[in-house]
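For reference, the structure is listed below as structure tokens.
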Amino acid sequence: MRSELEQSGRKLEQPDEEQLGKPDEEQGHQQDAEKQNDEQEEQLQAQHVEQDEAFAEELTAIRRYLHRNPELSGEEKETTAAIRGWLEKEGVRLADEYTLRTGLIAEVGQTEGPVVALRADIDALPIQEQTGLEFASQIAGRMHACGHDAHTAILVGAARLLKQREARLPGRVRLIFQPSEEKATGARQVIQSGALDEVQAIFGLHNKPDLRVGTVGIREGALMAAADGFVVKVEGVGTHAAVPEAGIDPIVVASHIVTALQAIVSRNVSAQESAVISVTKIHSGTAWNVIPEEAVLDGTVRTFDEKVRALIRERFNQVVSGVAAAYGTRATVRWIQGPPAVVNDELLAENAVQAAQQLGLNTVRPLPSPAGEDFSFYQKEVPGLFLFLGTSGPHEWHHPGFDVNEQALPLGAHLLAALAEHALYRLQGQIRC
């Protein structure tokens, strides 16, 4: 697709034979006109660059304010107030009819026509920052170590771009600034508020440190994993450590359970599927010479397919109860059901590749990530697309040294705005290139 600048400028064209035969004076007038057109094109391009630089600076300032002032899941009151102020400055309507304790909903566009949604998460993590940045967190033990500050700045930027195009939008774009993603409860709060009513498609993005700035990861189907947790409690019979035969050692039982769990994936899940079972905590005992009464295991299961998810849960329960029974005791399993897998709509993914490439972005098909994302709850309600935005970061998510390259902010804003606008036109039966 040719840019407006390319279409408005005449460029240097090769003269044809008729032009070669024109008098010198006429050729001189033509050269003057072409020079004037070139100068006008350069002025337009300079104005465009200047506006883009100012836009990038504004988004950077927003991101840095949020980074200095991180708030944990469910506590994002000041963050919400700041977002409200930025949107009001742009003249964006705040959809307060959708009530959230923290976070907010806004809208841009027309009252008639289709509705699509854009979502950003706004919460931080309980991590002590170790970046050394001049705008590092001012609150001890709290940090935007997952880039939600960048996601918020990007959506504010997309809101501004869409507001500028509001008169020509063939519908509405609902802007969801979602709380509590890190606890996987925020998306369900938004759905319960009614903010997904009428929405026909939803888009979101997440920064990706291992992708370069200017690159977008777009994949149809499963992109991120279902993230479930478990707590296993093994019942033992306490006794003196010198006479273990008088009791039942829950530590031995728990150890065999850990080992047995590792065979579930390798011997029950097809090589064409993916799954992870990780035991991450073991708690037992209070003294060096006492066999304790119980042992507790904690961990997580990650899957990309609902059938595999159900199979692992079934086999997990069987393995735990079977190993415990073999040692003459019992164990109970408590499941902590997290968000399902992020599964992208195929058509939305295909259209997004086109939209990204029209913006000059490089597109790749990334490998699925075993990390979880509660954006998946939206995809259970409406077709959705979640994508990765390259940020050339020095560390992975949730690292105390995590940071994003801020050059990605305006790219993300333009991309989200384009995805929403293109989706509205397609839902109206119009193809917009």
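All residue names refer to the structure tokens as shown: chains lettered A, B, ... in order, residues numbered from 1 in each chain, ligands numbered from 1 in order.
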
Residues within 6 Å of Pro179 in chain A, only C-alpha atoms, excluding chain neighbours under 3 positions, as a PyMOL selection string: chain A and resi 103+121-123+186

Might you pull out every residue within 10 Å of Thr239 in chain A, with only C-alpha atoms counted and same-chain residues fewer than 5 positions away left off, and present them as a list in words? Pro244, Glu245, Ala246, Gly247, Ile248, Asp249, Asn289, Val290, Ile291, Pro292 and Glu293 of chain A

Produce a file of the selected residues containing N, CA and C atoms, as a PDB file, in the first residue's frame.
ATOM      1  N   PRO A 244      11.480 -44.750  62.979  1.00  0.00           N
ATOM      2  CA  PRO A 244      10.546 -44.419  61.890  1.00  0.00           C
ATOM      3  C   PRO A 244       9.496 -45.492  61.664  1.00  0.00           C
ATOM      4  N   GLU A 245       9.780 -46.739  62.083  1.00  0.00           N
ATOM      5  CA  GLU A 245       8.809 -47.814  61.881  1.00  0.00           C
ATOM      6  C   GLU A 245       7.543 -47.611  62.708  1.00  0.00           C
ATOM      7  N   ALA A 246       7.612 -46.721  63.702  1.00  0.00           N
ATOM      8  CA  ALA A 246       6.448 -46.452  64.549  1.00  0.00           C
ATOM      9  C   ALA A 246       5.508 -45.424  63.931  1.00  0.00           C
ATOM     10  N   GLY A 247       5.875 -44.849  62.814  1.00  0.00           N
ATOM     11  CA  GLY A 247       5.033 -43.838  62.173  1.00  0.00           C
ATOM     12  C   GLY A 247       4.958 -44.047  60.670  1.00  0.00           C
ATOM     13  N   ILE A 248       4.454 -43.041  59.966  1.00  0.00           N
ATOM     14  CA  ILE A 248       4.449 -43.004  58.496  1.00  0.00           C
ATOM     15  C   ILE A 248       5.087 -41.682  58.083  1.00  0.00           C
ATOM     16  N   ASP A 249       6.181 -41.779  57.383  1.00  0.00           N
ATOM     17  CA  ASP A 249       6.962 -40.581  57.048  1.00  0.00           C
ATOM     18  C   ASP A 249       6.354 -39.869  55.841  1.00  0.00           C
ATOM     19  N   ASN A 289      14.957 -34.051  64.589  1.00  0.00           N
ATOM     20  CA  ASN A 289      14.846 -35.421  65.099  1.00  0.00           C
ATOM     21  C   ASN A 289      13.401 -35.884  65.250  1.00  0.00           C
ATOM     22  N   VAL A 290      12.503 -35.277  64.472  1.00  0.00           N
ATOM     23  CA  VAL A 290      11.081 -35.629  64.531  1.00  0.00           C
ATOM     24  C   VAL A 290      10.561 -35.887  63.115  1.00  0.00           C
ATOM     25  N   ILE A 291       9.938 -37.048  62.923  1.00  0.00           N
ATOM     26  CA  ILE A 291       9.214 -37.293  61.674  1.00  0.00           C
ATOM     27  C   ILE A 291       7.874 -36.576  61.796  1.00  0.00           C
ATOM     28  N   PRO A 292       7.574 -35.681  60.852  1.00  0.00           N
ATOM     29  CA  PRO A 292       6.402 -34.807  61.008  1.00  0.00           C
ATOM     30  C   PRO A 292       5.083 -35.500  60.708  1.00  0.00           C
ATOM     31  N   GLU A 293       4.005 -34.781  60.976  1.00  0.00           N
ATOM     32  CA  GLU A 293       2.657 -35.290  60.766  1.00  0.00           C
ATOM     33  C   GLU A 293       2.199 -35.148  59.313  1.00  0.00           C
TER      34      GLU A 293
END

Given the choices A:Lys233, A:Arg212, A:Arg119, A:Arg63, which gets closest to Ala150 in chain A if the distance is worked out from only C-alpha atoms?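 Looking only at the distances to Ala150 in chain A, the closest residue turns out to be A:Arg63.
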
Picked from range 52-189 of chain A by DSSP as strand (DSSP E or B), as a PyMOL selection string: chain A and resi 93-94+104-109+115-121+125+143+172-178

Residue nearest Leu223 in chain A among A:Asp403, A:Glu75, A:Glu346, A:Glu294 (counting only C-alpha atoms): A:Glu346

Would you mind listing what lies within 9 Å of range 358-362 of chain A as a PyMOL selection string, with only C-alpha atoms counted and same-chain residues fewer than 2 positions away left out? chain A and resi 1+214-217+353-356+364+411+414-415+418+433

Hey, can you spit out that residue selection with N, CA, C and O atoms as a CSV table (one decimal), in the first residue's frame?
chain,number,residue,atom,x,y,z
A,1,MET,N,0.9,-1.2,0.0
A,1,MET,CA,0.0,0.0,0.0
A,1,MET,C,0.9,1.2,0.0
A,1,MET,O,1.8,1.4,0.8
A,214,GLY,N,10.0,-3.3,16.5
A,214,GLY,CA,9.7,-3.3,15.1
A,214,GLY,C,9.2,-4.7,14.6
A,214,GLY,O,8.7,-4.8,13.5
A,215,THR,N,9.2,-5.7,15.5
A,215,THR,CA,8.7,-7.0,15.2
A,215,THR,C,7.5,-7.3,16.0
A,215,THR,O,7.4,-7.0,17.2
A,216,VAL,N,6.5,-8.0,15.4
A,216,VAL,CA,5.3,-8.4,16.0
A,216,VAL,C,5.1,-9.9,15.9
A,216,VAL,O,5.3,-10.4,14.8
A,217,GLY,N,4.8,-10.6,17.0
A,217,GLY,CA,4.6,-12.0,17.0
A,217,GLY,C,3.1,-12.3,16.9
A,217,GLY,O,2.4,-12.0,17.8
A,353,VAL,N,-1.8,-9.8,10.6
A,353,VAL,CA,-0.5,-9.8,9.8
A,353,VAL,C,-0.5,-8.8,8.7
A,353,VAL,O,0.5,-8.0,8.6
A,354,GLN,N,-1.6,-8.7,8.0
A,354,GLN,CA,-1.7,-7.7,7.0
A,354,GLN,C,-1.6,-6.3,7.5
A,354,GLN,O,-0.9,-5.4,7.0
A,355,ALA,N,-2.3,-6.0,8.6
A,355,ALA,CA,-2.3,-4.7,9.2
A,355,ALA,C,-1.0,-4.3,9.7
A,355,ALA,O,-0.5,-3.1,9.5
A,356,ALA,N,-0.3,-5.2,10.4
A,356,ALA,CA,1.1,-4.9,10.9
A,356,ALA,C,2.1,-4.7,9.7
A,356,ALA,O,2.9,-3.7,9.8
A,364,VAL,N,6.3,-12.2,12.7
A,364,VAL,CA,6.9,-13.6,12.9
A,364,VAL,C,5.8,-14.4,13.5
A,364,VAL,O,4.8,-13.9,14.1
A,411,LEU,N,4.7,2.3,18.3
A,411,LEU,CA,4.5,1.2,17.3
A,411,LEU,C,3.3,0.4,17.8
A,411,LEU,O,2.4,0.1,17.0
A,414,HIS,N,0.0,2.5,17.4
A,414,HIS,CA,-0.5,2.5,16.0
A,414,HIS,C,-1.1,1.2,15.6
A,414,HIS,O,-2.1,1.1,14.9
A,415,LEU,N,-0.4,0.1,16.1
A,415,LEU,CA,-0.9,-1.2,15.7
A,415,LEU,C,-2.3,-1.5,16.3
A,415,LEU,O,-3.2,-2.0,15.6
A,418,ALA,N,-4.9,0.4,14.5
A,418,ALA,CA,-5.2,-0.1,13.2
A,418,ALA,C,-6.0,-1.4,13.2
A,418,ALA,O,-6.9,-1.6,12.4
A,433,CYS,N,-7.9,-1.3,3.3
A,433,CYS,CA,-6.4,-1.6,3.1
A,433,CYS,C,-5.6,-0.4,3.6
A,433,CYS,O,-6.1,0.7,3.7

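Surrounding range 326-337 of chain A within 9 Å are A:Ala226, A:Ala227, A:Asp228, A:Gly229, A:Phe230, A:Val231, A:Val232, A:Lys233, A:Val234, A:Glu235, A:Gly236, A:Val237, A:Ile248, A:Asp249, A:Pro250, A:Val253, A:Thr300, A:Arg313, A:Phe316, A:Asn317, A:Val320, with only C-alpha atoms counted and residues fewer than 6 positions along the same chain left out.
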
How would the residues just chosen look if you wrote them out with N, CA and C atoms as a PDB file, in the first residue's frame?
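And here's part_38.pdb as it stands now:
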ATOM      1  N   ALA A 226      -2.811 -22.506  29.507  1.00  0.00           N
ATOM      2  CA  ALA A 226      -3.650 -22.538  30.703  1.00  0.00           C
ATOM      3  C   ALA A 226      -2.723 -22.696  31.901  1.00  0.00           C
ATOM      4  N   ALA A 227      -2.988 -21.953  32.957  1.00  0.00           N
ATOM      5  CA  ALA A 227      -2.085 -21.927  34.112  1.00  0.00           C
ATOM      6  C   ALA A 227      -2.843 -22.321  35.373  1.00  0.00           C
ATOM      7  N   ASP A 228      -2.736 -23.581  35.746  1.00  0.00           N
ATOM      8  CA  ASP A 228      -3.403 -24.087  36.944  1.00  0.00           C
ATOM      9  C   ASP A 228      -2.389 -24.323  38.055  1.00  0.00           C
ATOM     10  N   GLY A 229      -2.861 -24.235  39.281  1.00  0.00           N
ATOM     11  CA  GLY A 229      -2.010 -24.522  40.429  1.00  0.00           C
ATOM     12  C   GLY A 229      -2.549 -25.699  41.221  1.00  0.00           C
ATOM     13  N   PHE A 230      -1.713 -26.264  42.079  1.00  0.00           N
ATOM     14  CA  PHE A 230      -2.158 -27.372  42.928  1.00  0.00           C
ATOM     15  C   PHE A 230      -1.476 -27.304  44.282  1.00  0.00           C
ATOM     16  N   VAL A 231      -2.161 -27.842  45.271  1.00  0.00           N
ATOM     17  CA  VAL A 231      -1.614 -28.021  46.610  1.00  0.00           C
ATOM     18  C   VAL A 231      -1.920 -29.467  47.018  1.00  0.00           C
ATOM     19  N   VAL A 232      -0.888 -30.242  47.312  1.00  0.00           N
ATOM     20  CA  VAL A 232      -1.038 -31.636  47.726  1.00  0.00           C
ATOM     21  C   VAL A 232      -0.670 -31.737  49.202  1.00  0.00           C
ATOM     22  N   LYS A 233      -1.573 -32.275  49.996  1.00  0.00           N
ATOM     23  CA  LYS A 233      -1.325 -32.451  51.430  1.00  0.00           C
ATOM     24  C   LYS A 233      -1.225 -33.940  51.733  1.00  0.00           C
ATOM     25  N   VAL A 234      -0.065 -34.367  52.185  1.00  0.00           N
ATOM     26  CA  VAL A 234       0.190 -35.769  52.508  1.00  0.00           C
ATOM     27  C   VAL A 234       0.052 -35.959  54.021  1.00  0.00           C
ATOM     28  N   GLU A 235      -0.775 -36.877  54.434  1.00  0.00           N
ATOM     29  CA  GLU A 235      -0.974 -37.151  55.850  1.00  0.00           C
ATOM     30  C   GLU A 235       0.039 -38.205  56.324  1.00  0.00           C
ATOM     31  N   GLY A 236       0.742 -37.896  57.379  1.00  0.00           N
ATOM     32  CA  GLY A 236       1.687 -38.845  57.958  1.00  0.00           C
ATOM     33  C   GLY A 236       1.319 -39.194  59.376  1.00  0.00           C
ATOM     34  N   VAL A 237       2.146 -40.029  59.999  1.00  0.00           N
ATOM     35  CA  VAL A 237       2.016 -40.357  61.428  1.00  0.00           C
ATOM     36  C   VAL A 237       3.342 -39.997  62.067  1.00  0.00           C
ATOM     37  N   ILE A 248       4.454 -43.041  59.966  1.00  0.00           N
ATOM     38  CA  ILE A 248       4.449 -43.004  58.496  1.00  0.00           C
ATOM     39  C   ILE A 248       5.087 -41.682  58.083  1.00  0.00           C
ATOM     40  N   ASP A 249       6.181 -41.779  57.383  1.00  0.00           N
ATOM     41  CA  ASP A 249       6.962 -40.581  57.048  1.00  0.00           C
ATOM     42  C   ASP A 249       6.354 -39.869  55.841  1.00  0.00           C
ATOM     43  N   PRO A 250       5.727 -38.707  56.015  1.00  0.00           N
ATOM     44  CA  PRO A 250       5.106 -38.004  54.881  1.00  0.00           C
ATOM     45  C   PRO A 250       6.133 -37.425  53.912  1.00  0.00           C
ATOM     46  N   VAL A 253       6.824 -40.141  51.394  1.00  0.00           N
ATOM     47  CA  VAL A 253       5.668 -40.256  50.506  1.00  0.00           C
ATOM     48  C   VAL A 253       5.636 -39.092  49.522  1.00  0.00           C
ATOM     49  N   THR A 300       2.560 -26.032  39.751  1.00  0.00           N
ATOM     50  CA  THR A 300       1.721 -25.552  38.659  1.00  0.00           C
ATOM     51  C   THR A 300       1.705 -26.550  37.516  1.00  0.00           C
ATOM     52  N   ARG A 313      -5.193 -33.516  34.864  1.00  0.00           N
ATOM     53  CA  ARG A 313      -5.833 -33.394  36.182  1.00  0.00           C
ATOM     54  C   ARG A 313      -6.307 -34.766  36.679  1.00  0.00           C
ATOM     55  N   PHE A 316      -3.216 -36.885  37.522  1.00  0.00           N
ATOM     56  CA  PHE A 316      -2.568 -36.299  38.699  1.00  0.00           C
ATOM     57  C   PHE A 316      -3.226 -36.836  39.966  1.00  0.00           C
ATOM     58  N   ASN A 317      -4.546 -36.767  40.025  1.00  0.00           N
ATOM     59  CA  ASN A 317      -5.271 -37.242  41.198  1.00  0.00           C
ATOM     60  C   ASN A 317      -5.029 -38.733  41.432  1.00  0.00           C
ATOM     61  N   VAL A 320      -1.347 -39.301  42.803  1.00  0.00           N
ATOM     62  CA  VAL A 320      -1.192 -38.863  44.188  1.00  0.00           C
ATOM     63  C   VAL A 320      -1.854 -39.847  45.148  1.00  0.00           C
TER      64      VAL A 320
END

Show me, as a list in words, the residues that have an atom within 7 Å of Ala341 in chain A when counting only C-alpha atoms, minus same-chain residues fewer than 6 positions from it.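 The filter keeps Ala222, Met224, Ala225, Ala226, Phe304 and Ser376 of chain A.
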
Prev. selection, N, CA and C atoms, output as a PDB file, in the first residue's frame:
ATOM      1  N   ALA A 222      -3.318 -21.695  19.725  1.00  0.00           N
ATOM      2  CA  ALA A 222      -2.794 -21.525  21.082  1.00  0.00           C
ATOM      3  C   ALA A 222      -1.522 -20.683  21.088  1.00  0.00           C
ATOM      4  N   MET A 224      -0.624 -18.873  24.431  1.00  0.00           N
ATOM      5  CA  MET A 224      -0.169 -18.945  25.816  1.00  0.00           C
ATOM      6  C   MET A 224      -0.958 -20.040  26.537  1.00  0.00           C
ATOM      7  N   ALA A 225      -0.396 -20.513  27.630  1.00  0.00           N
ATOM      8  CA  ALA A 225      -0.905 -21.738  28.254  1.00  0.00           C
ATOM      9  C   ALA A 225      -1.992 -21.480  29.298  1.00  0.00           C
ATOM     10  N   ALA A 226      -2.811 -22.506  29.507  1.00  0.00           N
ATOM     11  CA  ALA A 226      -3.650 -22.538  30.703  1.00  0.00           C
ATOM     12  C   ALA A 226      -2.723 -22.696  31.901  1.00  0.00           C
ATOM     13  N   PHE A 304      -1.923 -26.415  26.788  1.00  0.00           N
ATOM     14  CA  PHE A 304      -2.416 -25.588  25.691  1.00  0.00           C
ATOM     15  C   PHE A 304      -3.731 -26.109  25.109  1.00  0.00           C
ATOM     16  N   SER A 376      -7.435 -14.768  28.075  1.00  0.00           N
ATOM     17  CA  SER A 376      -8.122 -15.959  27.564  1.00  0.00           C
ATOM     18  C   SER A 376      -9.585 -16.020  27.990  1.00  0.00           C
TER      19      SER A 376
END

Report as number ranges by chain: the residues of range 10-259 of chain A with a DSSP assignment of helix (DSSP H, G or I), based on the backbone of this structure. A: 17-20, 24-68, 77-89, 148-164, 166-168, 186-193, 244-246, 250-259
